[in-house]
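Enquirer: Just coords-v1.tsv, nothing more (TSV, N, CA and C atoms):
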chain	number	residue	atom	x	y	z
A	792	MET	N	8.36	-11.14	-12.66
A	792	MET	CA	7.45	-10.42	-11.80
A	792	MET	C	6.70	-9.39	-12.65
A	793	GLU	N	5.43	-9.62	-12.87
A	793	GLU	CA	4.60	-8.75	-13.70
A	793	GLU	C	4.14	-7.54	-12.90
A	794	ILE	N	4.31	-6.36	-13.47
A	794	ILE	CA	3.86	-5.12	-12.82
A	794	ILE	C	2.40	-4.90	-13.16
A	795	ILE	N	1.58	-4.77	-12.12
A	795	ILE	CA	0.14	-4.58	-12.30
A	795	ILE	C	-0.20	-3.09	-12.32
A	796	TRP	N	0.48	-2.31	-11.50
A	796	TRP	CA	0.24	-0.87	-11.41
A	796	TRP	C	1.54	-0.17	-11.03
A	797	ARG	N	1.77	0.99	-11.61
A	797	ARG	CA	2.94	1.79	-11.25
A	797	ARG	C	2.54	3.26	-11.40
A	798	ASP	N	2.96	4.06	-10.44
A	798	ASP	CA	2.67	5.49	-10.49
A	798	ASP	C	3.68	6.23	-9.62
A	799	ARG	N	3.69	7.54	-9.75
A	799	ARG	CA	4.51	8.41	-8.92
A	799	ARG	C	3.63	9.19	-7.97
A	800	LYS	N	4.20	9.60	-6.86
A	800	LYS	CA	3.52	10.53	-5.97
A	800	LYS	C	3.33	11.82	-6.74
A	801	ARG	N	2.18	12.45	-6.59
A	801	ARG	CA	1.85	13.67	-7.32
A	801	ARG	C	1.64	14.82	-6.34
A	802	PRO	N	2.73	15.43	-5.85
A	802	PRO	CA	2.60	16.41	-4.79
A	802	PRO	C	2.13	17.80	-5.23
A	803	PHE	N	2.28	18.15	-6.49
A	803	PHE	CA	1.99	19.50	-6.93
A	803	PHE	C	0.99	19.50	-8.06
A	804	LEU	N	-0.22	20.01	-7.80
A	804	LEU	CA	-1.27	20.12	-8.81
A	804	LEU	C	-1.58	18.81	-9.51
A	805	GLY	N	-1.36	17.71	-8.82
A	805	GLY	CA	-1.65	16.40	-9.40
A	805	GLY	C	-0.65	15.95	-10.44
A	806	LEU	N	0.48	16.66	-10.57
A	806	LEU	CA	1.49	16.30	-11.56
A	806	LEU	C	2.54	15.37	-10.95
A	807	PRO	N	3.02	14.40	-11.70
A	807	PRO	CA	3.96	13.40	-11.16
A	807	PRO	C	5.40	13.90	-11.08
A	808	TRP	N	5.62	15.01	-10.37
A	808	TRP	CA	6.96	15.58	-10.23
A	808	TRP	C	7.53	15.22	-8.88
A	809	SER	N	7.91	14.00	-8.70
A	809	SER	CA	8.52	13.59	-7.44
A	809	SER	C	9.45	12.41	-7.71
A	810	PHE	N	10.18	12.05	-6.67
A	810	PHE	CA	11.11	10.93	-6.77
A	810	PHE	C	10.62	9.74	-5.96
A	811	THR	N	9.30	9.65	-5.79
A	811	THR	CA	8.69	8.50	-5.12
A	811	THR	C	7.91	7.73	-6.17
A	812	ILE	N	8.26	6.46	-6.34
A	812	ILE	CA	7.60	5.61	-7.33
A	812	ILE	C	6.98	4.41	-6.61
A	813	TYR	N	5.70	4.17	-6.87
A	813	TYR	CA	4.98	3.03	-6.31
A	813	TYR	C	4.84	1.97	-7.39
A	814	THR	N	5.13	0.73	-7.04
A	814	THR	CA	5.00	-0.39	-7.98
A	814	THR	C	4.25	-1.51	-7.28
A	815	LEU	N	3.21	-2.01	-7.94
A	815	LEU	CA	2.40	-3.09	-7.39
A	815	LEU	C	2.51	-4.30	-8.30
A	816	THR	N	2.86	-5.44	-7.68
A	816	THR	CA	2.86	-6.72	-8.40
A	816	THR	C	1.81	-7.60	-7.74
A	817	GLU	N	1.68	-8.83	-8.20
A	817	GLU	CA	0.69	-9.74	-7.61
A	817	GLU	C	1.02	-10.07	-6.16
A	818	GLU	N	2.29	-10.00	-5.76
A	818	GLU	CA	2.69	-10.44	-4.42
A	818	GLU	C	3.17	-9.34	-3.50
A	819	LYS	N	3.58	-8.19	-4.05
A	819	LYS	CA	4.14	-7.17	-3.16
A	819	LYS	C	3.93	-5.76	-3.68
A	820	LEU	N	4.10	-4.81	-2.76
A	820	LEU	CA	4.06	-3.39	-3.07
A	820	LEU	C	5.44	-2.83	-2.79
A	821	LEU	N	6.01	-2.15	-3.76
A	821	LEU	CA	7.34	-1.55	-3.62
A	821	LEU	C	7.20	-0.04	-3.62
A	822	VAL	N	7.92	0.62	-2.70
A	822	VAL	CA	7.94	2.08	-2.63
A	822	VAL	C	9.39	2.50	-2.74
A	823	LYS	N	9.72	3.13	-3.85
A	823	LYS	CA	11.09	3.57	-4.10
A	823	LYS	C	11.14	5.08	-3.99
A	824	THR	N	12.05	5.60	-3.14
A	824	THR	CA	12.18	7.04	-2.93
A	824	THR	C	13.61	7.48	-3.15
A	825	GLY	N	13.76	8.77	-3.45
A	825	GLY	CA	15.09	9.37	-3.55
A	825	GLY	C	15.63	9.44	-4.96
A	826	ILE	N	16.64	10.31	-5.12
A	826	ILE	CA	17.30	10.43	-6.41
A	826	ILE	C	18.79	10.12	-6.28
A	827	LEU	N	19.47	10.75	-5.34
A	827	LEU	CA	20.88	10.46	-5.13
A	827	LEU	C	21.07	9.26	-4.20
A	828	ARG	N	20.32	9.27	-3.13
A	828	ARG	CA	20.33	8.15	-2.19
A	828	ARG	C	18.94	7.51	-2.25
A	829	GLN	N	18.87	6.36	-2.88
A	829	GLN	CA	17.58	5.71	-3.07
A	829	GLN	C	17.30	4.69	-1.98
A	830	LYS	N	16.03	4.56	-1.67
A	830	LYS	CA	15.57	3.58	-0.68
A	830	LYS	C	14.37	2.87	-1.30
A	831	GLU	N	14.32	1.55	-1.14
A	831	GLU	CA	13.19	0.78	-1.65
A	831	GLU	C	12.60	-0.05	-0.53
A	832	GLU	N	11.35	0.23	-0.19
A	832	GLU	CA	10.61	-0.54	0.81
A	832	GLU	C	9.79	-1.60	0.08
A	833	GLU	N	9.73	-2.78	0.65
A	833	GLU	CA	8.94	-3.87	0.06
A	833	GLU	C	8.00	-4.40	1.13
A	834	VAL	N	6.71	-4.45	0.80
A	834	VAL	CA	5.72	-5.01	1.72
A	834	VAL	C	4.98	-6.10	0.98
A	835	ARG	N	5.00	-7.29	1.54
A	835	ARG	CA	4.25	-8.42	0.98
A	835	ARG	C	2.76	-8.16	1.18
A	836	LEU	N	1.96	-8.33	0.14
A	836	LEU	CA	0.55	-8.00	0.20
A	836	LEU	C	-0.21	-8.78	1.27
A	837	TYR	N	0.13	-10.04	1.47
A	837	TYR	CA	-0.61	-10.84	2.44
A	837	TYR	C	-0.41	-10.31	3.87
A	838	ARG	N	0.61	-9.47	4.09
A	838	ARG	CA	0.86	-8.90	5.41
A	838	ARG	C	0.09	-7.61	5.67
A	839	ILE	N	-0.54	-7.05	4.64
A	839	ILE	CA	-1.33	-5.83	4.82
A	839	ILE	C	-2.68	-6.21	5.42
A	840	MET	N	-3.01	-5.56	6.54
A	840	MET	CA	-4.23	-5.90	7.27
A	840	MET	C	-5.39	-4.95	6.96
A	841	ASP	N	-5.09	-3.68	6.66
A	841	ASP	CA	-6.15	-2.70	6.47
A	841	ASP	C	-5.73	-1.68	5.42
A	842	VAL	N	-6.68	-1.29	4.57
A	842	VAL	CA	-6.43	-0.30	3.52
A	842	VAL	C	-7.53	0.75	3.60
A	843	THR	N	-7.14	2.03	3.70
A	843	THR	CA	-8.08	3.13	3.83
A	843	THR	C	-7.76	4.20	2.80
A	844	LEU	N	-8.79	4.73	2.15
A	844	LEU	CA	-8.60	5.81	1.19
A	844	LEU	C	-8.93	7.13	1.87
A	845	LYS	N	-8.00	8.10	1.76
A	845	LYS	CA	-8.21	9.44	2.31
A	845	LYS	C	-8.09	10.43	1.16
A	846	ARG	N	-9.05	11.36	1.08
A	846	ARG	CA	-9.01	12.37	0.02
A	846	ARG	C	-9.40	13.72	0.60
A	847	SER	N	-8.43	14.59	0.76
A	847	SER	CA	-8.71	15.95	1.24
A	847	SER	C	-9.38	16.74	0.11
A	848	LEU	N	-9.84	17.93	0.44
A	848	LEU	CA	-10.47	18.77	-0.58
A	848	LEU	C	-9.47	19.05	-1.71
A	849	GLY	N	-8.24	19.40	-1.35
A	849	GLY	CA	-7.22	19.67	-2.37
A	849	GLY	C	-6.95	18.46	-3.25
A	850	GLU	N	-6.91	17.28	-2.64
A	850	GLU	CA	-6.68	16.06	-3.42
A	850	GLU	C	-7.84	15.81	-4.37
A	851	ARG	N	-9.07	16.02	-3.88
A	851	ARG	CA	-10.23	15.81	-4.76
A	851	ARG	C	-10.22	16.78	-5.93
A	852	ILE	N	-9.83	18.04	-5.69
A	852	ILE	CA	-9.77	19.04	-6.76
A	852	ILE	C	-8.81	18.60	-7.86
A	853	PHE	N	-7.65	18.03	-7.45
A	853	PHE	CA	-6.64	17.64	-8.43
A	853	PHE	C	-6.74	16.17	-8.86
A	854	GLY	N	-7.80	15.48	-8.41
A	854	GLY	CA	-8.05	14.11	-8.87
A	854	GLY	C	-7.08	13.08	-8.34
A	855	VAL	N	-6.59	13.28	-7.12
A	855	VAL	CA	-5.68	12.32	-6.50
A	855	VAL	C	-6.21	11.93	-5.12
A	856	GLY	N	-5.55	10.97	-4.49
A	856	GLY	CA	-5.92	10.54	-3.15
A	856	GLY	C	-4.75	9.84	-2.49
A	857	THR	N	-4.88	9.63	-1.18
A	857	THR	CA	-3.85	8.96	-0.40
A	857	THR	C	-4.43	7.66	0.15
A	858	ILE	N	-3.72	6.57	-0.04
A	858	ILE	CA	-4.14	5.26	0.46
A	858	ILE	C	-3.29	4.93	1.68
A	859	HIS	N	-3.94	4.78	2.83
A	859	HIS	CA	-3.24	4.46	4.08
A	859	HIS	C	-3.33	2.95	4.31
A	860	CYS	N	-2.17	2.33	4.60
A	860	CYS	CA	-2.12	0.88	4.80
A	860	CYS	C	-1.54	0.56	6.17
A	861	CYS	N	-2.14	-0.39	6.85
A	861	CYS	CA	-1.62	-0.94	8.10
A	861	CYS	C	-1.19	-2.37	7.80
A	862	SER	N	0.03	-2.71	8.23
A	862	SER	CA	0.53	-4.04	7.91
A	862	SER	C	1.11	-4.72	9.14
A	863	ALA	N	1.36	-6.00	9.01
A	863	ALA	CA	2.01	-6.78	10.07
A	863	ALA	C	3.51	-6.81	9.87
A	864	ASP	N	4.02	-6.02	8.95
A	864	ASP	CA	5.45	-5.93	8.69
A	864	ASP	C	6.12	-5.14	9.81
A	865	LYS	N	7.16	-5.69	10.41
A	865	LYS	CA	7.81	-5.04	11.55
A	865	LYS	C	8.50	-3.74	11.18
A	866	SER	N	9.13	-3.66	10.00
A	866	SER	CA	9.83	-2.44	9.61
A	866	SER	C	8.90	-1.38	9.06
A	867	THR	N	7.72	-1.77	8.59
A	867	THR	CA	6.77	-0.82	8.01
A	867	THR	C	5.35	-1.15	8.48
A	868	PRO	N	5.04	-0.87	9.77
A	868	PRO	CA	3.72	-1.22	10.26
A	868	PRO	C	2.59	-0.37	9.67
A	869	GLU	N	2.89	0.87	9.31
A	869	GLU	CA	1.92	1.76	8.66
A	869	GLU	C	2.64	2.57	7.61
A	870	PHE	N	1.98	2.80	6.49
A	870	PHE	CA	2.56	3.63	5.44
A	870	PHE	C	1.44	4.18	4.57
A	871	ASP	N	1.78	5.25	3.85
A	871	ASP	CA	0.84	5.90	2.95
A	871	ASP	C	1.34	5.83	1.51
A	872	ILE	N	0.42	5.61	0.61
A	872	ILE	CA	0.68	5.74	-0.81
A	872	ILE	C	0.11	7.11	-1.15
A	873	LEU	N	1.00	8.08	-1.24
A	873	LEU	CA	0.60	9.49	-1.27
A	873	LEU	C	0.24	10.00	-2.66
A	874	HIS	N	-0.87	10.72	-2.71
A	874	HIS	CA	-1.26	11.54	-3.87
A	874	HIS	C	-1.19	10.79	-5.19
A	875	VAL	N	-1.93	9.69	-5.32
A	875	VAL	CA	-1.95	8.94	-6.58
A	875	VAL	C	-3.26	9.20	-7.31
A	876	LYS	N	-3.20	9.21	-8.64
A	876	LYS	CA	-4.43	9.40	-9.41
A	876	LYS	C	-5.20	8.08	-9.45
A	877	ASP	N	-6.49	8.17	-9.71
A	877	ASP	CA	-7.38	7.00	-9.72
A	877	ASP	C	-7.28	6.25	-8.39
A	878	SER	N	-7.23	6.99	-7.29
A	878	SER	CA	-6.97	6.38	-5.98
A	878	SER	C	-8.03	5.35	-5.57
A	879	GLN	N	-9.29	5.57	-5.92
A	879	GLN	CA	-10.34	4.60	-5.58
A	879	GLN	C	-10.09	3.28	-6.29
A	880	ARG	N	-9.77	3.35	-7.58
A	880	ARG	CA	-9.48	2.14	-8.36
A	880	ARG	C	-8.25	1.42	-7.83
A	881	VAL	N	-7.21	2.18	-7.49
A	881	VAL	CA	-5.96	1.59	-6.98
A	881	VAL	C	-6.21	0.93	-5.63
A	882	LYS	N	-6.97	1.58	-4.75
A	882	LYS	CA	-7.30	1.00	-3.45
A	882	LYS	C	-8.03	-0.33	-3.63
A	883	ASN	N	-9.02	-0.35	-4.52
A	883	ASN	CA	-9.77	-1.59	-4.78
A	883	ASN	C	-8.86	-2.67	-5.37
A	884	LEU	N	-7.96	-2.29	-6.25
A	884	LEU	CA	-7.01	-3.23	-6.84
A	884	LEU	C	-6.12	-3.84	-5.76
A	885	ILE	N	-5.59	-3.00	-4.88
A	885	ILE	CA	-4.75	-3.49	-3.78
A	885	ILE	C	-5.54	-4.42	-2.87
A	886	SER	N	-6.75	-4.03	-2.52
A	886	SER	CA	-7.58	-4.86	-1.65
A	886	SER	C	-7.85	-6.24	-2.26
A	887	ASP	N	-8.17	-6.26	-3.55
A	887	ASP	CA	-8.42	-7.53	-4.24
A	887	ASP	C	-7.17	-8.41	-4.26
A	888	LEU	N	-6.02	-7.80	-4.52
A	888	LEU	CA	-4.76	-8.57	-4.55
A	888	LEU	C	-4.38	-9.07	-3.16
A	889	ILE	N	-4.68	-8.29	-2.13
A	889	ILE	CA	-4.42	-8.73	-0.75
A	889	ILE	C	-5.22	-10.00	-0.46
A	890	GLU	N	-6.50	-9.97	-0.78
A	890	GLU	CA	-7.35	-11.14	-0.55
A	890	GLU	C	-6.88	-12.35	-1.34
A	891	LYS	N	-6.47	-12.12	-2.58
A	891	LYS	CA	-5.98	-13.21	-3.42
A	891	LYS	C	-4.72	-13.84	-2.82
A	892	GLN	N	-3.81	-13.00	-2.32
A	892	GLN	CA	-2.57	-13.51	-1.72
A	892	GLN	C	-2.85	-14.23	-0.40
A	893	ARG	N	-3.78	-13.71	0.39
A	893	ARG	CA	-4.12	-14.37	1.66
A	893	ARG	C	-4.72	-15.75	1.41
A	894	GLU	N	-5.57	-15.84	0.40
A	894	GLU	CA	-6.15	-17.15	0.06
A	894	GLU	C	-5.07	-18.10	-0.45
A	895	ALA	N	-4.18	-17.61	-1.30
A	895	ALA	CA	-3.13	-18.45	-1.86
A	895	ALA	C	-2.18	-18.96	-0.78
A	896	LYS	N	-1.92	-18.13	0.22
A	896	LYS	CA	-0.99	-18.51	1.29
A	896	LYS	C	-1.71	-19.05	2.52
A	897	ARG	N	-3.02	-19.12	2.44
A	897	ARG	CA	-3.86	-19.61	3.54
A	897	ARG	C	-3.57	-18.85	4.84
A	898	VAL	N	-3.60	-17.53	4.72
A	898	VAL	CA	-3.34	-16.65	5.85
A	898	VAL	C	-4.65	-15.98	6.24
A	899	SER	N	-4.94	-15.96	7.53
A	899	SER	CA	-6.12	-15.24	8.01
A	899	SER	C	-5.67	-14.07	8.87
A	900	GLY	N	-6.56	-13.13	9.08
A	900	GLY	CA	-6.24	-11.96	9.90
A	900	GLY	C	-5.89	-12.33	11.32
A	901	ARG	N	-6.39	-13.43	11.81
A	901	ARG	CA	-6.15	-13.85	13.18
A	901	ARG	C	-4.67	-14.14	13.44
A	902	GLU	N	-3.94	-14.57	12.41
A	902	GLU	CA	-2.52	-14.90	12.57
A	902	GLU	C	-1.67	-13.67	12.89
A	903	PHE	N	-2.21	-12.48	12.65
A	903	PHE	CA	-1.46	-11.26	12.89
A	903	PHE	C	-1.77	-10.63	14.24
A	904	MET	N	-2.75	-11.15	14.94
A	904	MET	CA	-3.16	-10.55	16.21
A	904	MET	C	-2.34	-11.12	17.35
A	905	ASP	N	-1.62	-10.26	18.06
A	905	ASP	CA	-0.80	-10.68	19.19
A	905	ASP	C	-1.65	-10.79	20.44
A	906	GLY	N	-1.47	-11.84	21.18
A	906	GLY	CA	-2.13	-12.01	22.47
A	906	GLY	C	-3.61	-12.27	22.39
A	907	ASP	N	-4.13	-12.59	21.23
A	907	ASP	CA	-5.55	-12.81	21.06
A	907	ASP	C	-6.03	-13.99	21.89
A	908	ASP	N	-5.23	-15.05	21.97
A	908	ASP	CA	-5.63	-16.24	22.73
A	908	ASP	C	-5.77	-15.92	24.21
A	909	GLU	N	-4.88	-15.07	24.73
A	909	GLU	CA	-4.95	-14.71	26.13
A	909	GLU	C	-6.23	-13.98	26.46
A	910	LEU	N	-6.68	-13.11	25.54
A	910	LEU	CA	-7.94	-12.38	25.76
A	910	LEU	C	-9.12	-13.35	25.77
A	911	MET	N	-9.10	-14.31	24.87
A	911	MET	CA	-10.19	-15.26	24.78
A	911	MET	C	-10.27	-16.12	26.03
A	912	ASP	N	-9.10	-16.53	26.59
A	912	ASP	CA	-9.09	-17.37	27.77
A	912	ASP	C	-9.58	-16.62	29.00
A	913	GLY	N	-9.31	-15.32	29.05
A	913	GLY	CA	-9.66	-14.53	30.23
A	913	GLY	C	-11.12	-14.16	30.30
A	914	GLU	N	-11.88	-14.36	29.24
A	914	GLU	CA	-13.31	-13.96	29.25
A	914	GLU	C	-14.19	-15.04	29.78
If you convert what's in this file into structure tokens, what do you get?

Expert:
Amino acid sequence: MEIIWRDRKRPFLGLPWSFTIYTLTEEKLLVKTGILRQKEEEVRLYRIMDVTLKRSLGERIFGVGTIHCCSADKSTPEFDILHVKDSQRVKNLISDLIEKQREAKRVSGREFMDGDDELMDGE
């Protein structure tokens, strides 16, 4: 599994002093948190439906940003990649890999919509 991007959350002055590590591969995004009690969340890229970049004034001053993701994953329907540097580049990288995985797995956004057929029939 080749690592494409890895970074830490940068909560203080844009410095990577935290115990949250983000790792991006071609197929999944891993979020590892904690020092004594560690937790690792895994989200398959093809399950991510929407990616949004948020940058507050403080984040812009320190050259970081937060990437908000909405997914079809039941355990992690929404999550943030907090305070990462080069956030615009990382967001674009994630978006490109999502599209690549969706094409490879022949997944469309429609497969994640619940009750869509019922709405179409009722109109």

Enquirer: Between atom C of A:Ile872 and atom N of A:Glu850, what is the distance, to one decimal in Å?

Expert: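 That distance, rounded to one decimal, is 12.4 Å.
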
Enquirer: Could you list, as a PyMOL selection string, every residue within 7 Å of stretch 808-820 of chain A, counting only N, CA and C atoms and ignoring same-chain residues fewer than 4 positions away?

Expert: chain A and resi 792-803+824-826+832-837+888+892

Enquirer: Could you pull out the strand (DSSP E or B) residues of stretch 793-914 of chain A from DSSP and send them as a PyMOL selection string?

Expert: chain A and resi 794-799+803+806+812-816+819-824+830-835+839-845+855-862+869-876

Enquirer: How about saving the chosen residues, N, CA and C atoms kept, as a tab-separated table (two decimals), keeping the file's coordinate frame?

Expert:
chain	number	residue	atom	x	y	z
A	794	ILE	N	4.31	-6.36	-13.47
A	794	ILE	CA	3.86	-5.12	-12.82
A	794	ILE	C	2.40	-4.90	-13.16
A	795	ILE	N	1.58	-4.77	-12.12
A	795	ILE	CA	0.14	-4.58	-12.30
A	795	ILE	C	-0.20	-3.09	-12.32
A	796	TRP	N	0.48	-2.31	-11.50
A	796	TRP	CA	0.24	-0.87	-11.41
A	796	TRP	C	1.54	-0.17	-11.03
A	797	ARG	N	1.77	0.99	-11.61
A	797	ARG	CA	2.94	1.79	-11.25
A	797	ARG	C	2.54	3.26	-11.40
A	798	ASP	N	2.96	4.06	-10.44
A	798	ASP	CA	2.67	5.49	-10.49
A	798	ASP	C	3.68	6.23	-9.62
A	799	ARG	N	3.69	7.54	-9.75
A	799	ARG	CA	4.51	8.41	-8.92
A	799	ARG	C	3.63	9.19	-7.97
A	803	PHE	N	2.28	18.15	-6.49
A	803	PHE	CA	1.99	19.50	-6.93
A	803	PHE	C	0.99	19.50	-8.06
A	806	LEU	N	0.48	16.66	-10.57
A	806	LEU	CA	1.49	16.30	-11.56
A	806	LEU	C	2.54	15.37	-10.95
A	812	ILE	N	8.26	6.46	-6.34
A	812	ILE	CA	7.60	5.61	-7.33
A	812	ILE	C	6.98	4.41	-6.61
A	813	TYR	N	5.70	4.17	-6.87
A	813	TYR	CA	4.98	3.03	-6.31
A	813	TYR	C	4.84	1.97	-7.39
A	814	THR	N	5.13	0.73	-7.04
A	814	THR	CA	5.00	-0.39	-7.98
A	814	THR	C	4.25	-1.51	-7.28
A	815	LEU	N	3.21	-2.01	-7.94
A	815	LEU	CA	2.40	-3.09	-7.39
A	815	LEU	C	2.51	-4.30	-8.30
A	816	THR	N	2.86	-5.44	-7.68
A	816	THR	CA	2.86	-6.72	-8.40
A	816	THR	C	1.81	-7.60	-7.74
A	819	LYS	N	3.58	-8.19	-4.05
A	819	LYS	CA	4.14	-7.17	-3.16
A	819	LYS	C	3.93	-5.76	-3.68
A	820	LEU	N	4.10	-4.81	-2.76
A	820	LEU	CA	4.06	-3.39	-3.07
A	820	LEU	C	5.44	-2.83	-2.79
A	821	LEU	N	6.01	-2.15	-3.76
A	821	LEU	CA	7.34	-1.55	-3.62
A	821	LEU	C	7.20	-0.04	-3.62
A	822	VAL	N	7.92	0.62	-2.70
A	822	VAL	CA	7.94	2.08	-2.63
A	822	VAL	C	9.39	2.50	-2.74
A	823	LYS	N	9.72	3.13	-3.85
A	823	LYS	CA	11.09	3.57	-4.10
A	823	LYS	C	11.14	5.08	-3.99
A	824	THR	N	12.05	5.60	-3.14
A	824	THR	CA	12.18	7.04	-2.93
A	824	THR	C	13.61	7.48	-3.15
A	830	LYS	N	16.03	4.56	-1.67
A	830	LYS	CA	15.57	3.58	-0.68
A	830	LYS	C	14.37	2.87	-1.30
A	831	GLU	N	14.32	1.55	-1.14
A	831	GLU	CA	13.19	0.78	-1.65
A	831	GLU	C	12.60	-0.05	-0.53
A	832	GLU	N	11.35	0.23	-0.19
A	832	GLU	CA	10.61	-0.54	0.81
A	832	GLU	C	9.79	-1.60	0.08
A	833	GLU	N	9.73	-2.78	0.65
A	833	GLU	CA	8.94	-3.87	0.06
A	833	GLU	C	8.00	-4.40	1.13
A	834	VAL	N	6.71	-4.45	0.80
A	834	VAL	CA	5.72	-5.01	1.72
A	834	VAL	C	4.98	-6.10	0.98
A	835	ARG	N	5.00	-7.29	1.54
A	835	ARG	CA	4.25	-8.42	0.98
A	835	ARG	C	2.76	-8.16	1.18
A	839	ILE	N	-0.54	-7.05	4.64
A	839	ILE	CA	-1.33	-5.83	4.82
A	839	ILE	C	-2.68	-6.21	5.42
A	840	MET	N	-3.01	-5.56	6.54
A	840	MET	CA	-4.23	-5.90	7.27
A	840	MET	C	-5.39	-4.95	6.96
A	841	ASP	N	-5.09	-3.68	6.66
A	841	ASP	CA	-6.15	-2.70	6.47
A	841	ASP	C	-5.73	-1.68	5.42
A	842	VAL	N	-6.68	-1.29	4.57
A	842	VAL	CA	-6.43	-0.30	3.52
A	842	VAL	C	-7.53	0.75	3.60
A	843	THR	N	-7.14	2.03	3.70
A	843	THR	CA	-8.08	3.13	3.83
A	843	THR	C	-7.76	4.20	2.80
A	844	LEU	N	-8.79	4.73	2.15
A	844	LEU	CA	-8.60	5.81	1.19
A	844	LEU	C	-8.93	7.13	1.87
A	845	LYS	N	-8.00	8.10	1.76
A	845	LYS	CA	-8.21	9.44	2.31
A	845	LYS	C	-8.09	10.43	1.16
A	855	VAL	N	-6.59	13.28	-7.12
A	855	VAL	CA	-5.68	12.32	-6.50
A	855	VAL	C	-6.21	11.93	-5.12
A	856	GLY	N	-5.55	10.97	-4.49
A	856	GLY	CA	-5.92	10.54	-3.15
A	856	GLY	C	-4.75	9.84	-2.49
A	857	THR	N	-4.88	9.63	-1.18
A	857	THR	CA	-3.85	8.96	-0.40
A	857	THR	C	-4.43	7.66	0.15
A	858	ILE	N	-3.72	6.57	-0.04
A	858	ILE	CA	-4.14	5.26	0.46
A	858	ILE	C	-3.29	4.93	1.68
A	859	HIS	N	-3.94	4.78	2.83
A	859	HIS	CA	-3.24	4.46	4.08
A	859	HIS	C	-3.33	2.95	4.31
A	860	CYS	N	-2.17	2.33	4.60
A	860	CYS	CA	-2.12	0.88	4.80
A	860	CYS	C	-1.54	0.56	6.17
A	861	CYS	N	-2.14	-0.39	6.85
A	861	CYS	CA	-1.62	-0.94	8.10
A	861	CYS	C	-1.19	-2.37	7.80
A	862	SER	N	0.03	-2.71	8.23
A	862	SER	CA	0.53	-4.04	7.91
A	862	SER	C	1.11	-4.72	9.14
A	869	GLU	N	2.89	0.87	9.31
A	869	GLU	CA	1.92	1.76	8.66
A	869	GLU	C	2.64	2.57	7.61
A	870	PHE	N	1.98	2.80	6.49
A	870	PHE	CA	2.56	3.63	5.44
A	870	PHE	C	1.44	4.18	4.57
A	871	ASP	N	1.78	5.25	3.85
A	871	ASP	CA	0.84	5.90	2.95
A	871	ASP	C	1.34	5.83	1.51
A	872	ILE	N	0.42	5.61	0.61
A	872	ILE	CA	0.68	5.74	-0.81
A	872	ILE	C	0.11	7.11	-1.15
A	873	LEU	N	1.00	8.08	-1.24
A	873	LEU	CA	0.60	9.49	-1.27
A	873	LEU	C	0.24	10.00	-2.66
A	874	HIS	N	-0.87	10.72	-2.71
A	874	HIS	CA	-1.26	11.54	-3.87
A	874	HIS	C	-1.19	10.79	-5.19
A	875	VAL	N	-1.93	9.69	-5.32
A	875	VAL	CA	-1.95	8.94	-6.58
A	875	VAL	C	-3.26	9.20	-7.31
A	876	LYS	N	-3.20	9.21	-8.64
A	876	LYS	CA	-4.43	9.40	-9.41
A	876	LYS	C	-5.20	8.08	-9.45

Enquirer: I need the residues in chain A that are alpha helix (DSSP H) according to DSSP; give them as a PyMOL selection string.

Expert: chain A and resi 848-852+878-896+907-913

Enquirer: Of the residues A:Gly856, A:Val822, A:Asp864, A:Ile839, which is the one nearest to A:Asp887, using only C-alpha atoms?

Expert: A:Ile839

Enquirer: Just to confirm, what's the straight-line distance from atom CA of A:Pro868 to atom CA of A:Phe853 in Å (one decimal)?

Expert: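 So the answer is 28.5 Å.
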
Enquirer: Find the distance between atom C of A:Lys891 and atom C of A:Leu821 and write it in Å to one decimal.

Expert: 18.3 Å
